[in-house]
Every structure is written in structure tokens, then in C-alpha cells.
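Some notes on the structure that comes next.
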Amino acid sequence: MAPNQKLGIIAGNGRFPFLVLDAARAQGYEVVVAAIKEETSPEIESCGATVHWLSLGELSKLIETFRREGVTRAVMAGQVKHKQIFSAIRPDWRLAKLLLSLGTRNTDSLLGAVAKVLADEGIVLENSTSLLEPLLAKAGVLTQRPPSEPERKDIEYGRSVARHLSQFDIGQTVVVAEGACVAVEAMEGTDATIERAGGIMASLDSGASALSRSLTVVKIAKPNQDMRFDVPVIGLKTVEVMQKAGATCLALDAGKCLLLDGSDIVISAADNAGIAIVAD
């Protein structure tokens with residue numbers, strides 16, 4: 001993308017859209033935001049960019065909006081909950097046709113199909129991280145404390161499990177305790193998966209359990225991760241959820257996971273919580 005042209009942002013939930021918007025404007029882009037009613041924070045209205053609201057099911061309106069605004073390049077920024085596909089949202093004719101054409105309704109197939117429809121209409125989706133390279137996790141131990149030997153063993157096992165599951169687009173997060181898989185991410189998202197793992201461990205009989213209470217969280221990118229959408233992200237909330245759940249270690253894929261609140265802030269919070277973070 002070249003500056004001094006229009007850039008469309010399809011905004012989901014969280015801080016990701018705001019970060020992309022700020023970075024785009026800092027690099028000279030005129031930004032047009034397509035805000036999703038069911039997902040985007042109302043605060044997007046005060047961002048100073050042109051904002052158009054549309055429902056998650058209004059694919060035709062998205063195309064018409066970008067065409068009217070002269071947008072030919074766009075990025076998807078922010079999560080759109082997978083479970084919304086099965087909600088009461090009514091798809092327009094274009095999205096309904098697309099959904100009926102899919103063999104599976106996982107994230108890759110759905111968003112990949114949307115990207116193709118947009119491209120056919122002259123709107124090219126760019127990598128959502130293209131403006132946020134400094135926020136990608138760098139390789140190595142990121143925190144003051146490196147993973148312990150037991151945590152490293154859990155990371156190795158967790159990565160093996162996650163790699164096998166990711167090919168089915170089930171989820172990107174696996175939570176492990178002492179070589180046992182405690183929780184696997186499905187539609188609920190990373191933080192809810194960690195919370196569920198913490199609940200499972202808390203329910204165990206402390207006197208009878210042979211498992212350590214310490215959890216290791218492994219969050220990976222898919223083997224052929226499409227960086228245009230569904231990019232792995234963590235933030236301060238992830239660290240807070242891990243601390244409450246009793247998780248002491250987090251493993252990421254270097255260069256493929258965004259630290260949304262900034263690496264220094266996230267790492268500092270992890271250090272204060274005694275959590276080790278490593279990216280390989």
C-alpha cells in the first residue's frame with residue numbers, strides 16, 4: 001500500500017481497530033471505517049475518521065460503502081466472534097449465498113470466501129499486521145524469567161497438540177498442566193479457554209490430584225496462517241486472566257502474534273505476575 005490513498009478498515013471488537021487506524025493515519029492514509037454493529041466499540045465514532053455502521057450480515061452494504069468512498073484496499077482489524085455465524089443475525093443475499101457455498105464454516109473458509117468476494121469487487125484485503133510490525137512478538141524469552149524445565153516440556157507437548165488441531169481450524173490455544181491437555185480453544189476465544197482451564201484445575205481434589213496446579217498456555221498461528229485476518233493476539237487482559245487461572249507460562253509463535261497493548265506493557269505485567277513468556 002502507498003500512503004496518500006484511502007484505506008478501508010473493517011473494524012471488529014477490541015483495541016486492534018484503533019491501533020491500525022492510528023498507524024494508518026500516521027503513515028498518511030485517509031481512513032474509512034466499516035464498523036460492525038455487533039462488535040465494534042462505539043468509541044470508534046470519536047476517532048476522527050469517516051465511519052459507516054453496518055450489521056455483520058450486510059456484505060453487500062460493505063461493498064457498496066467502500067465503492068462509494070473510493071476504497072480499493074482494506075484491512076480486517078479486530079475479532080469477530082465465530083459464534084456470531086450461528087446467532088440470530090440475518091445475512092443479506094450475498095452473504096447467504098456465500099454461506100451456502102461453504103463446505104465448512106470455520107474461520108479460514110468463511111473469511112477467505114469473503115476476501116475473494118471483495119477482491120472480485122475490486123477491494124483487495126491486505127495483511128492486518130502490515131501497519132503494526134513493531135507489535136509482533138519477537139523471538140526469544142521476552143520476560144525476565146525464562147520458562148522452567150517442566151514448563152518447557154509442557155510447551156513442547158502443547159505445541160504438538162496445537163499443531164495437529166490447527167489444521168482443522170478448531171482453535172489456536174492449548175492449555176497444559178504437567179503433560180496433560182487441560183483445555184483446547186474452540187469458539188469461545190483464548191481468554192475464555194484459559195478461564196475454563198483454571199476452573200477445571202480448581203475443581204480437582206488438591207489432596208488426591210497428581211497434577212501440578214500450574215498451567216502453561218500455548219498460542220500458535222496456523223500452519224498457513226493468513227495474516228489478512230484471524231491473527232493471534234494477546235494483551236494485558238490475557239495476562240490478567242492467566243494470573244487468575246493459575247497459569248505461569250505463555251508460549252507464542254514469533255513474528256505471528258500481536259502484543260496489542262505494546263510489548264513493554266504486556267511484558268511488564270507478566271513480570272509482575274511471575275509469568276514467563278517465550279516466542280519461538
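Letters A, B, ... go to the chains of the C-alpha cells in the order shown; residues in each chain start at 1; ligands are counted from 1 in the same order.
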For A:Leu118: contacts at 10 Å, only C-alpha atoms, fewer than 3 positions along chain excluded, given as a list in words =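 Once the nearby chain positions are removed, what remains is Leu59, Ser60, Leu62, Ile63, Phe66, Thr72, Arg73, Ala74, Gly112, Ala113, Val114, Ala115, Glu121, Gly122, Ile123, Val124 and Leu125 of chain A.
The shell of residues at most 9 Å from stretch 43-54 of chain A, with only C-alpha atoms counted and near chain neighbours (fewer than 3 positions) removed, consists of Ala11, Pro17, Phe18, Leu21, Asp22, Glu30, Val31, Val32, Val33, Ala34, Ala35, Ile36, Lys37, Glu38, Thr40, Gly57, Glu58, Leu59, Lys61, Leu62 and Thr65 of chain A.
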Serialized selection, N, CA and C atoms, as a compact mmCIF listing (two decimals), in the first residue's frame:
```txt
# COMPACT_ATOMS: atom_id res chain seq x y z
N ALA A 11 -13.75 -3.00 10.99
CA ALA A 11 -13.43 -2.99 12.41
C ALA A 11 -14.27 -3.99 13.20
N PRO A 17 -8.65 -2.43 16.07
CA PRO A 17 -9.02 -1.43 15.04
C PRO A 17 -8.44 -0.05 15.32
N PHE A 18 -8.39 0.36 16.59
CA PHE A 18 -7.87 1.67 16.95
C PHE A 18 -6.37 1.77 16.68
N LEU A 21 -5.94 1.99 12.92
CA LEU A 21 -6.37 3.30 12.46
C LEU A 21 -5.31 4.37 12.75
N ASP A 22 -4.79 4.37 13.98
CA ASP A 22 -3.76 5.35 14.34
C ASP A 22 -2.51 5.18 13.48
N GLU A 30 -5.82 8.16 4.25
CA GLU A 30 -7.15 8.63 4.58
C GLU A 30 -7.97 7.38 4.89
N VAL A 31 -8.51 7.31 6.10
CA VAL A 31 -9.13 6.07 6.58
C VAL A 31 -10.64 6.14 6.52
N VAL A 32 -11.24 5.06 6.01
CA VAL A 32 -12.69 4.87 6.02
C VAL A 32 -12.98 3.62 6.82
N VAL A 33 -13.75 3.75 7.89
CA VAL A 33 -14.02 2.63 8.80
C VAL A 33 -15.40 2.04 8.52
N ALA A 34 -15.44 0.73 8.30
CA ALA A 34 -16.69 -0.01 8.27
C ALA A 34 -16.83 -0.68 9.64
N ALA A 35 -17.67 -0.10 10.49
CA ALA A 35 -17.81 -0.56 11.88
C ALA A 35 -18.95 -1.57 11.97
N ILE A 36 -18.68 -2.70 12.59
CA ILE A 36 -19.68 -3.77 12.71
C ILE A 36 -20.51 -3.55 13.96
N LYS A 37 -21.80 -3.35 13.79
CA LYS A 37 -22.70 -3.00 14.89
C LYS A 37 -22.60 -3.96 16.06
N GLU A 38 -22.46 -5.25 15.77
CA GLU A 38 -22.45 -6.27 16.82
C GLU A 38 -21.10 -6.40 17.52
N THR A 40 -18.01 -3.67 17.06
CA THR A 40 -17.13 -2.51 17.20
C THR A 40 -17.54 -1.61 18.36
N GLY A 57 -24.07 -9.12 8.96
CA GLY A 57 -24.61 -9.86 7.82
C GLY A 57 -24.69 -9.07 6.53
N GLU A 58 -24.32 -7.79 6.56
CA GLU A 58 -24.53 -6.92 5.40
C GLU A 58 -23.28 -6.82 4.52
N LEU A 59 -22.99 -7.90 3.83
CA LEU A 59 -21.81 -7.93 2.96
C LEU A 59 -21.99 -6.99 1.77
N LYS A 61 -23.74 -4.24 1.66
CA LYS A 61 -23.61 -2.86 2.13
C LYS A 61 -22.14 -2.50 2.33
N LEU A 62 -21.34 -3.45 2.80
CA LEU A 62 -19.91 -3.21 2.96
C LEU A 62 -19.28 -2.87 1.62
N THR A 65 -20.47 0.51 0.37
CA THR A 65 -19.88 1.60 1.14
C THR A 65 -18.46 1.89 0.67
```
ask   = Taking only C-alpha atoms into account, which of A:Lys6, A:Arg213, A:Arg25, A:Arg228 comes nearest A:Ser130?
value =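 Closest to A:Ser130, using only C-alpha atoms: A:Arg228.
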Long-range neighbours of A:Ala137 as a PyMOL selection string, 8 Å cut-off, only C-alpha atoms, 3 positions minimum in chain = chain A and resi 252-259+263+279
ask   = Which distance in Å separates atom CA of A:Ala183 and atom CA of A:Arg196, to one decimal?
value = 7.1 Å
query = Which neighbours of A:Thr238 fall inside 7 Å, counting only C-alpha atoms, when residues of the same chain fewer than 4 positions from it are skipped, and could you give them as a VMD selection string?
reply = chain A and resid 191 234 242
Those same residues, written as a tab-separated table (two decimals), in the first residue's frame with C-alpha atoms?
```tsv
chain	number	residue	atom	x	y	z
A	191	ASP	CA	-9.22	-15.83	27.41
A	234	ILE	CA	-2.62	-11.29	23.35
A	242	MET	CA	-3.70	-16.23	33.19
```
DSSP strand (DSSP E) selection over stretch 137-204 of chain A, as an MDAnalysis selection string = chainID A and resid 140:141 173:177 180:184
Go ahead and dump the residues you just picked, C-alpha atoms, as a tab-separated table (two decimals), in the first residue's frame.
```tsv
chain	number	residue	atom	x	y	z
A	140	GLY	CA	13.26	-15.46	22.39
A	141	VAL	CA	12.41	-15.22	26.07
A	173	THR	CA	-4.77	-22.08	22.07
A	174	VAL	CA	-3.98	-25.15	24.15
A	175	VAL	CA	-3.61	-25.17	27.95
A	176	VAL	CA	-1.41	-27.84	29.50
A	177	ALA	CA	-0.58	-28.97	33.04
A	180	ALA	CA	-1.84	-33.27	30.35
A	181	CYS	CA	-4.02	-31.27	27.96
A	182	VAL	CA	-6.49	-29.39	30.19
A	183	ALA	CA	-8.32	-27.22	27.63
A	184	VAL	CA	-8.42	-26.62	23.88
```
query = Which polymer residues have any atom within 12 Å of an atom of A:Leu250, counting only C-alpha atoms, with same-chain residues fewer than 2 positions away left out, as an MDAnalysis selection string?
reply = chainID A and resid 137 141:143 145:148 151:152 154:156 158:159 173:176 190 194 214:220 234:235 238:239 241:243 246:248 252:253 257 266:267 270:271 274:280
message = My list of candidates is A:Gln79, A:Arg94, A:Ala119, A:Leu131. Which is closest to A:Met187 when distances are computed with only C-alpha atoms?
response = A:Gln79
